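The data block below is query.cif; it holds mmCIF, C-alpha atoms, pLDDT in the B column; chains and numbers go by the auth columns.
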data_run
#
loop_
_atom_site.group_PDB
_atom_site.id
_atom_site.type_symbol
_atom_site.label_atom_id
_atom_site.label_comp_id
_atom_site.label_asym_id
_atom_site.label_seq_id
_atom_site.Cartn_x
_atom_site.Cartn_y
_atom_site.Cartn_z
_atom_site.B_iso_or_equiv
_atom_site.auth_seq_id
_atom_site.auth_asym_id
ATOM 1 C CA MET A 1 -4.451 0.438 38.635 44.00 1 A
ATOM 2 C CA SER A 2 -6.843 -2.469 38.138 46.00 2 A
ATOM 3 C CA VAL A 3 -6.802 -4.728 35.086 47.00 3 A
ATOM 4 C CA ASP A 4 -10.241 -3.491 34.023 50.00 4 A
ATOM 5 C CA SER A 5 -9.434 0.220 34.159 46.00 5 A
ATOM 6 C CA PRO A 6 -8.243 1.952 31.014 50.00 6 A
ATOM 7 C CA ILE A 7 -4.756 3.418 31.017 47.00 7 A
ATOM 8 C CA THR A 8 -4.789 7.165 30.651 50.00 8 A
ATOM 9 C CA SER A 9 -1.844 9.026 29.173 49.00 9 A
ATOM 10 C CA ARG A 10 -0.810 10.230 32.641 52.00 10 A
ATOM 11 C CA GLU A 11 -0.791 6.702 34.079 58.00 11 A
ATOM 12 C CA ARG A 12 1.048 5.123 31.156 52.00 12 A
ATOM 13 C CA THR A 13 4.590 3.983 31.903 56.00 13 A
ATOM 14 C CA ASP A 14 7.468 3.461 29.503 54.00 14 A
ATOM 15 C CA ASP A 15 6.899 -0.294 29.787 55.00 15 A
ATOM 16 C CA ASP A 16 3.258 0.127 28.724 50.00 16 A
ATOM 17 C CA VAL A 17 4.277 2.144 25.680 47.00 17 A
ATOM 18 C CA ALA A 18 6.995 -0.323 24.714 49.00 18 A
ATOM 19 C CA ALA A 19 4.553 -3.224 24.981 48.00 19 A
ATOM 20 C CA VAL A 20 2.085 -1.470 22.689 50.00 20 A
ATOM 21 C CA ASP A 21 4.557 -0.050 20.170 55.00 21 A
ATOM 22 C CA ARG A 22 6.842 -3.030 19.586 56.00 22 A
ATOM 23 C CA PRO A 23 5.638 -6.237 17.967 52.00 23 A
ATOM 24 C CA GLY A 24 6.606 -9.500 19.594 53.00 24 A
ATOM 25 C CA TRP A 25 9.069 -12.036 18.235 47.00 25 A
ATOM 26 C CA ARG A 26 6.278 -14.002 16.597 50.00 26 A
ATOM 27 C CA ALA A 27 5.186 -10.970 14.570 48.00 27 A
ATOM 28 C CA ALA A 28 8.783 -10.250 13.593 46.00 28 A
ATOM 29 C CA ALA A 29 9.271 -13.853 12.460 44.00 29 A
ATOM 30 C CA GLY A 30 6.093 -13.588 10.399 50.00 30 A
ATOM 31 C CA THR A 31 7.455 -10.476 8.705 51.00 31 A
ATOM 32 C CA ILE A 32 10.707 -12.232 7.873 50.00 32 A
ATOM 33 C CA GLY A 33 8.725 -15.238 6.656 54.00 33 A
ATOM 34 C CA GLY A 34 6.713 -12.901 4.439 62.00 34 A
ATOM 35 C CA LEU A 35 9.869 -11.914 2.613 72.00 35 A
ATOM 36 C CA GLY A 36 9.051 -14.608 0.065 81.00 36 A
ATOM 37 C CA THR A 37 5.563 -13.270 -0.607 84.00 37 A
ATOM 38 C CA VAL A 38 6.684 -9.671 -0.996 89.00 38 A
ATOM 39 C CA MET A 39 9.647 -10.744 -3.114 91.00 39 A
ATOM 40 C CA LEU A 40 7.428 -12.863 -5.357 91.00 40 A
ATOM 41 C CA ALA A 41 5.085 -9.916 -5.878 92.00 41 A
ATOM 42 C CA LEU A 42 7.900 -7.501 -6.690 94.00 42 A
ATOM 43 C CA LEU A 43 9.763 -9.990 -8.892 94.00 43 A
ATOM 44 C CA SER A 44 6.513 -10.552 -10.802 93.00 44 A
ATOM 45 C CA LEU A 45 6.352 -6.831 -11.554 95.00 45 A
ATOM 46 C CA ALA A 46 10.039 -6.710 -12.498 95.00 46 A
ATOM 47 C CA ALA A 47 9.612 -9.719 -14.806 95.00 47 A
ATOM 48 C CA LEU A 48 6.575 -8.191 -16.469 94.00 48 A
ATOM 49 C CA GLY A 49 8.495 -4.964 -16.999 93.00 49 A
ATOM 50 C CA ALA A 50 11.427 -6.842 -18.521 94.00 50 A
ATOM 51 C CA ALA A 51 9.110 -8.813 -20.812 95.00 51 A
ATOM 52 C CA ILE A 52 7.307 -5.742 -22.161 93.00 52 A
ATOM 53 C CA HIS A 53 10.293 -3.367 -21.955 92.00 53 A
ATOM 54 C CA GLU A 54 8.405 -0.914 -19.747 88.00 54 A
ATOM 55 C CA PRO A 55 9.055 0.121 -16.147 86.00 55 A
ATOM 56 C CA VAL A 56 6.354 -1.610 -14.106 92.00 56 A
ATOM 57 C CA LEU A 57 7.994 -1.844 -10.692 93.00 57 A
ATOM 58 C CA ILE A 58 7.813 1.627 -9.163 94.00 58 A
ATOM 59 C CA PRO A 59 8.415 2.650 -5.537 95.00 59 A
ATOM 60 C CA SER A 60 4.757 3.133 -4.670 97.00 60 A
ATOM 61 C CA LEU A 61 3.961 -0.420 -5.763 97.00 61 A
ATOM 62 C CA ALA A 62 6.764 -1.796 -3.599 95.00 62 A
ATOM 63 C CA ALA A 63 5.151 0.025 -0.677 96.00 63 A
ATOM 64 C CA SER A 64 1.786 -1.474 -1.653 97.00 64 A
ATOM 65 C CA ALA A 65 3.275 -4.976 -1.584 95.00 65 A
ATOM 66 C CA ALA A 66 4.493 -4.316 1.954 93.00 66 A
ATOM 67 C CA VAL A 67 1.065 -3.049 3.056 95.00 67 A
ATOM 68 C CA LEU A 68 -0.658 -6.079 1.526 94.00 68 A
ATOM 69 C CA HIS A 69 1.583 -8.478 3.396 89.00 69 A
ATOM 70 C CA ALA A 70 1.996 -6.659 6.696 88.00 70 A
ATOM 71 C CA ALA A 71 -1.633 -5.631 7.195 92.00 71 A
ATOM 72 C CA PRO A 72 -3.838 -7.723 4.870 93.00 72 A
ATOM 73 C CA ALA A 73 -7.041 -7.203 6.862 94.00 73 A
ATOM 74 C CA THR A 74 -6.863 -3.400 6.954 96.00 74 A
ATOM 75 C CA PRO A 75 -8.986 -1.185 4.701 96.00 75 A
ATOM 76 C CA ALA A 76 -5.801 0.114 3.039 97.00 76 A
ATOM 77 C CA ALA A 77 -4.896 -3.387 1.867 97.00 77 A
ATOM 78 C CA GLN A 78 -8.220 -4.340 0.316 98.00 78 A
ATOM 79 C CA PRO A 79 -8.289 -4.650 -3.495 98.00 79 A
ATOM 80 C CA ARG A 80 -10.626 -1.682 -3.898 97.00 80 A
ATOM 81 C CA SER A 81 -8.245 0.605 -2.005 98.00 81 A
ATOM 82 C CA VAL A 82 -5.132 -0.701 -3.738 98.00 82 A
ATOM 83 C CA LEU A 83 -6.517 -0.393 -7.269 98.00 83 A
ATOM 84 C CA LEU A 84 -8.585 2.758 -6.927 98.00 84 A
ATOM 85 C CA GLY A 85 -6.121 4.428 -4.572 98.00 85 A
ATOM 86 C CA HIS A 86 -3.330 4.249 -7.141 98.00 86 A
ATOM 87 C CA LEU A 87 -5.662 5.419 -9.894 98.00 87 A
ATOM 88 C CA VAL A 88 -6.770 8.376 -7.757 98.00 88 A
ATOM 89 C CA GLY A 89 -3.114 9.209 -7.151 98.00 89 A
ATOM 90 C CA ALA A 90 -2.345 9.086 -10.865 98.00 90 A
ATOM 91 C CA ALA A 91 -5.437 11.149 -11.714 98.00 91 A
ATOM 92 C CA THR A 92 -4.517 13.771 -9.143 98.00 92 A
ATOM 93 C CA GLY A 93 -1.001 14.008 -10.542 98.00 93 A
ATOM 94 C CA TYR A 94 -2.181 14.252 -14.136 98.00 94 A
ATOM 95 C CA ALA A 95 -4.761 16.901 -13.173 97.00 95 A
ATOM 96 C CA ALA A 96 -1.992 19.054 -11.705 97.00 96 A
ATOM 97 C CA LEU A 97 0.121 18.555 -14.826 97.00 97 A
ATOM 98 C CA ALA A 98 -2.856 19.536 -16.993 96.00 98 A
ATOM 99 C CA LEU A 99 -2.999 22.797 -15.053 95.00 99 A
ATOM 100 C CA GLY A 100 0.621 23.347 -15.987 88.00 100 A
ATOM 101 C CA GLN A 101 1.967 22.673 -12.539 85.00 101 A
ATOM 102 C CA GLY A 102 5.043 20.569 -11.871 90.00 102 A
ATOM 103 C CA GLY A 103 8.106 20.440 -9.646 95.00 103 A
ATOM 104 C CA PRO A 104 8.731 19.447 -6.056 96.00 104 A
ATOM 105 C CA TRP A 105 6.300 21.929 -4.488 96.00 105 A
ATOM 106 C CA THR A 106 3.463 20.640 -6.635 97.00 106 A
ATOM 107 C CA ALA A 107 4.537 17.048 -5.952 97.00 107 A
ATOM 108 C CA ALA A 108 4.281 17.678 -2.214 97.00 108 A
ATOM 109 C CA ALA A 109 0.855 19.276 -2.574 97.00 109 A
ATOM 110 C CA VAL A 110 -0.422 16.539 -4.883 98.00 110 A
ATOM 111 C CA GLY A 111 0.749 13.862 -2.432 98.00 111 A
ATOM 112 C CA ALA A 112 -1.284 15.530 0.294 98.00 112 A
ATOM 113 C CA VAL A 113 -4.313 16.040 -1.961 98.00 113 A
ATOM 114 C CA THR A 114 -4.175 12.353 -2.899 98.00 114 A
ATOM 115 C CA PHE A 115 -4.136 11.426 0.775 98.00 115 A
ATOM 116 C CA ALA A 116 -7.269 13.502 1.358 98.00 116 A
ATOM 117 C CA ALA A 117 -8.993 12.294 -1.818 98.00 117 A
ATOM 118 C CA THR A 118 -8.448 8.612 -1.080 98.00 118 A
ATOM 119 C CA GLY A 119 -9.834 9.159 2.400 97.00 119 A
ATOM 120 C CA LEU A 120 -12.913 10.984 1.132 98.00 120 A
ATOM 121 C CA LEU A 121 -13.521 8.325 -1.529 98.00 121 A
ATOM 122 C CA ARG A 122 -13.121 5.588 1.099 97.00 122 A
ATOM 123 C CA VAL A 123 -10.182 3.985 -0.697 97.00 123 A
ATOM 124 C CA PRO A 124 -7.364 4.724 1.765 97.00 124 A
ATOM 125 C CA HIS A 125 -3.985 3.585 0.472 97.00 125 A
ATOM 126 C CA ALA A 126 -0.953 5.620 1.560 97.00 126 A
ATOM 127 C CA PRO A 127 1.333 4.355 -1.243 98.00 127 A
ATOM 128 C CA ALA A 128 -1.024 6.072 -3.710 98.00 128 A
ATOM 129 C CA CYS A 129 0.377 9.383 -2.475 98.00 129 A
ATOM 130 C CA ALA A 130 3.744 8.303 -3.859 98.00 130 A
ATOM 131 C CA THR A 131 2.096 7.449 -7.182 98.00 131 A
ATOM 132 C CA ALA A 132 0.891 11.057 -7.450 98.00 132 A
ATOM 133 C CA VAL A 133 4.395 12.317 -6.667 98.00 133 A
ATOM 134 C CA ILE A 134 5.869 10.018 -9.338 97.00 134 A
ATOM 135 C CA VAL A 135 3.456 11.410 -11.924 98.00 135 A
ATOM 136 C CA ILE A 136 4.509 14.981 -11.113 98.00 136 A
ATOM 137 C CA LEU A 137 8.251 14.368 -10.929 97.00 137 A
ATOM 138 C CA GLN A 138 8.618 11.816 -13.734 96.00 138 A
ATOM 139 C CA THR A 139 5.758 12.926 -16.054 96.00 139 A
ATOM 140 C CA PRO A 140 5.132 9.497 -17.580 95.00 140 A
ATOM 141 C CA ARG A 141 2.783 9.345 -20.551 95.00 141 A
ATOM 142 C CA ALA A 142 -0.679 8.585 -19.178 96.00 142 A
ATOM 143 C CA ALA A 143 -1.560 6.221 -22.036 95.00 143 A
ATOM 144 C CA HIS A 144 1.281 3.934 -20.975 92.00 144 A
ATOM 145 C CA PHE A 145 1.507 4.597 -17.254 96.00 145 A
ATOM 146 C CA VAL A 146 -2.108 4.225 -16.168 97.00 146 A
ATOM 147 C CA PRO A 147 -2.767 0.775 -17.711 96.00 147 A
ATOM 148 C CA LEU A 148 0.575 -0.491 -16.390 96.00 148 A
ATOM 149 C CA LEU A 149 -0.204 0.920 -12.953 97.00 149 A
ATOM 150 C CA ALA A 150 -3.646 -0.707 -12.856 97.00 150 A
ATOM 151 C CA GLY A 151 -2.285 -4.033 -14.097 96.00 151 A
ATOM 152 C CA ALA A 152 0.598 -3.978 -11.637 97.00 152 A
ATOM 153 C CA ALA A 153 -1.720 -3.184 -8.722 97.00 153 A
ATOM 154 C CA ALA A 154 -3.956 -6.086 -9.788 97.00 154 A
ATOM 155 C CA ILE A 155 -0.926 -8.400 -9.887 96.00 155 A
ATOM 156 C CA LEU A 156 0.002 -7.412 -6.326 96.00 156 A
ATOM 157 C CA VAL A 157 -3.534 -8.179 -5.167 97.00 157 A
ATOM 158 C CA LEU A 158 -3.564 -11.547 -6.942 96.00 158 A
ATOM 159 C CA VAL A 159 -0.136 -12.585 -5.624 94.00 159 A
ATOM 160 C CA GLN A 160 -1.199 -11.751 -2.068 94.00 160 A
ATOM 161 C CA HIS A 161 -4.490 -13.620 -2.559 94.00 161 A
ATOM 162 C CA LEU A 162 -2.710 -16.728 -3.840 92.00 162 A
ATOM 163 C CA ALA A 163 -0.012 -16.571 -1.161 90.00 163 A
ATOM 164 C CA SER A 164 -2.659 -16.332 1.550 90.00 164 A
ATOM 165 C CA ARG A 165 -4.103 -19.600 0.263 89.00 165 A
ATOM 166 C CA VAL A 166 -0.806 -21.431 -0.241 87.00 166 A
ATOM 167 C CA VAL A 167 1.666 -20.199 2.386 80.00 167 A
ATOM 168 C CA ARG A 168 1.075 -21.741 5.765 77.00 168 A
ATOM 169 C CA GLY A 169 0.277 -19.292 8.532 75.00 169 A
ATOM 170 C CA GLN A 170 -0.566 -16.344 6.295 77.00 170 A
ATOM 171 C CA GLU A 171 -3.722 -14.423 7.061 83.00 171 A
ATOM 172 C CA ARG A 172 -6.470 -14.913 4.469 88.00 172 A
ATOM 173 C CA TYR A 173 -6.590 -12.143 1.906 92.00 173 A
ATOM 174 C CA PRO A 174 -8.636 -10.217 0.994 94.00 174 A
ATOM 175 C CA ALA A 175 -11.111 -9.555 3.758 91.00 175 A
ATOM 176 C CA ARG A 176 -13.477 -8.418 0.989 90.00 176 A
ATOM 177 C CA TRP A 177 -12.954 -8.118 -2.757 88.00 177 A
ATOM 178 C CA TRP A 178 -14.647 -4.787 -3.303 84.00 178 A
#

What is this structure when it is put down as structure tokens?
Amino acid sequence: MSVDSPITSRERTDDDVAAVDRPGWRAAAGTIGGLGTVMLALLSLAALGAAIHEPVLIPSLAASAAVLHAAPATPAAQPRSVLLGHLVGAATGYAALALGQGGPWTAAAVGAVTFAATGLLRVPHAPACATAVIVILQTPRAAHFVPLLAGAAAILVLVQHLASRVVRGQERYPARWW
């Protein structure tokens, strides 16, 4: 096989797959170094929640913090996708609740519908699927949950933006604001 020829699935060896699938030591060190950025983002949400006596740190936002740090240049990490993706997830969950549907089967369906909706709306953000599931399984009051969700998502975006300007070696974030 020459260097210029593409590798087909039949020609691919285990070594080729391992080289593609596993990040190098430098990438792993960057992930460990990013612990501070992700922790700062999540501690900011926890502190806000403690200050206002409302749960602000939810699992889907922790996943968003990881996406923002691990893949800041991807479409899923851009502010538009983070903010609107979570809002689409919440809206999808509340729409199902308005139809009188709840429970784990509905949560599974709403997670999948959110995935499709965020893709169609060009705001891909996988953690938003978890937001929809949270709405179905926890049934938070929309008047409290939605503003907190939007504010928390904005905080994650701002922390990542600031960290990308301050922390040495971090990729600039965002690639585009909207």

The distance between CA of Leu137 (chain A) and CA of Trp105 (chain A) is 10.1 Å

Closest of A:Val133, A:Leu45, A:Val146, A:Leu120 to Gly93 (chain A), counting all atoms listed in the file, is A:Val133

Inset, instruction - On this file, the PyMOL selection byres ((chain A and resi 33-44) around 9) gives some set of residues; write that set as an MDAnalysis selection string. - result: chainID A and resid 28:32 45:49 57 61:62 65:66 68:70 152 155:160 163 167 170

Open item on the list: Can you pull out the residues contacting His144 (chain A)? Cut-off 12 Å, using all atoms listed in the file, and skip same-chain residues under 3 positions away; I want them as a ChimeraX atom specification.
Closed with: /A:52-56,90,135,139-141,147-151

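Going from CA of Ala77 (chain A) over to CA of His125 (chain A), you cover 7.2 Å.
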
The distance between CA of Ser60 (chain A) and CA of Ala126 (chain A) is 8.8 Å

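With distances restricted to only C-alpha atoms, A:Tyr94 is the closest residue to Ala143 (chain A) from A:His161, A:Tyr94, A:Gly111, A:Arg122.
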
Practice item. Check which residues satisfy the PyMOL selection byres ((chain A and resi 80) around 12) in the file shown, then give them as a list of chain:residue names. Key: A:Thr74, A:Pro75, A:Ala76, A:Ala77, A:Gln78, A:Pro79, A:Ser81, A:Val82, A:Leu83, A:Leu84, A:Gly85, A:His86, A:Leu87, A:Val88, A:Thr118, A:Leu121, A:Arg122, A:Val123, A:Pro124, A:His125, A:Ala150, A:Ala153, A:Ala154, A:Val157, A:Pro174, A:Ala175, A:Arg176, A:Trp177, A:Trp178

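Proximity ranking of A:Ile58, A:Ala50, A:Val110, A:Ala63 relative to Leu97 (chain A) places A:Val110 first, based on all atoms listed in the file.
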
Evaluate the PyMOL selection byres ((chain A and resi 108) around 12) and report residues as a PDB file with C-alpha atoms, in the frame of the given file:
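Result file out35.pdb:
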ATOM      1  CA  THR A  92      -4.517  13.771  -9.143  1.00 98.00           C
ATOM      2  CA  GLY A  93      -1.001  14.008 -10.542  1.00 98.00           C
ATOM      3  CA  ALA A  96      -1.992  19.054 -11.705  1.00 97.00           C
ATOM      4  CA  GLN A 101       1.967  22.673 -12.539  1.00 85.00           C
ATOM      5  CA  GLY A 102       5.043  20.569 -11.871  1.00 90.00           C
ATOM      6  CA  GLY A 103       8.106  20.440  -9.646  1.00 95.00           C
ATOM      7  CA  PRO A 104       8.731  19.447  -6.056  1.00 96.00           C
ATOM      8  CA  TRP A 105       6.300  21.929  -4.488  1.00 96.00           C
ATOM      9  CA  THR A 106       3.463  20.640  -6.635  1.00 97.00           C
ATOM     10  CA  ALA A 107       4.537  17.048  -5.952  1.00 97.00           C
ATOM     11  CA  ALA A 109       0.855  19.276  -2.574  1.00 97.00           C
ATOM     12  CA  VAL A 110      -0.422  16.539  -4.883  1.00 98.00           C
ATOM     13  CA  GLY A 111       0.749  13.862  -2.432  1.00 98.00           C
ATOM     14  CA  ALA A 112      -1.284  15.530   0.294  1.00 98.00           C
ATOM     15  CA  VAL A 113      -4.313  16.040  -1.961  1.00 98.00           C
ATOM     16  CA  THR A 114      -4.175  12.353  -2.899  1.00 98.00           C
ATOM     17  CA  PHE A 115      -4.136  11.426   0.775  1.00 98.00           C
ATOM     18  CA  CYS A 129       0.377   9.383  -2.475  1.00 98.00           C
ATOM     19  CA  ALA A 130       3.744   8.303  -3.859  1.00 98.00           C
ATOM     20  CA  THR A 131       2.096   7.449  -7.182  1.00 98.00           C
ATOM     21  CA  ALA A 132       0.891  11.057  -7.450  1.00 98.00           C
ATOM     22  CA  VAL A 133       4.395  12.317  -6.667  1.00 98.00           C
ATOM     23  CA  ILE A 134       5.869  10.018  -9.338  1.00 97.00           C
ATOM     24  CA  VAL A 135       3.456  11.410 -11.924  1.00 98.00           C
ATOM     25  CA  ILE A 136       4.509  14.981 -11.113  1.00 98.00           C
ATOM     26  CA  LEU A 137       8.251  14.368 -10.929  1.00 97.00           C
TER      27      LEU A 137
END
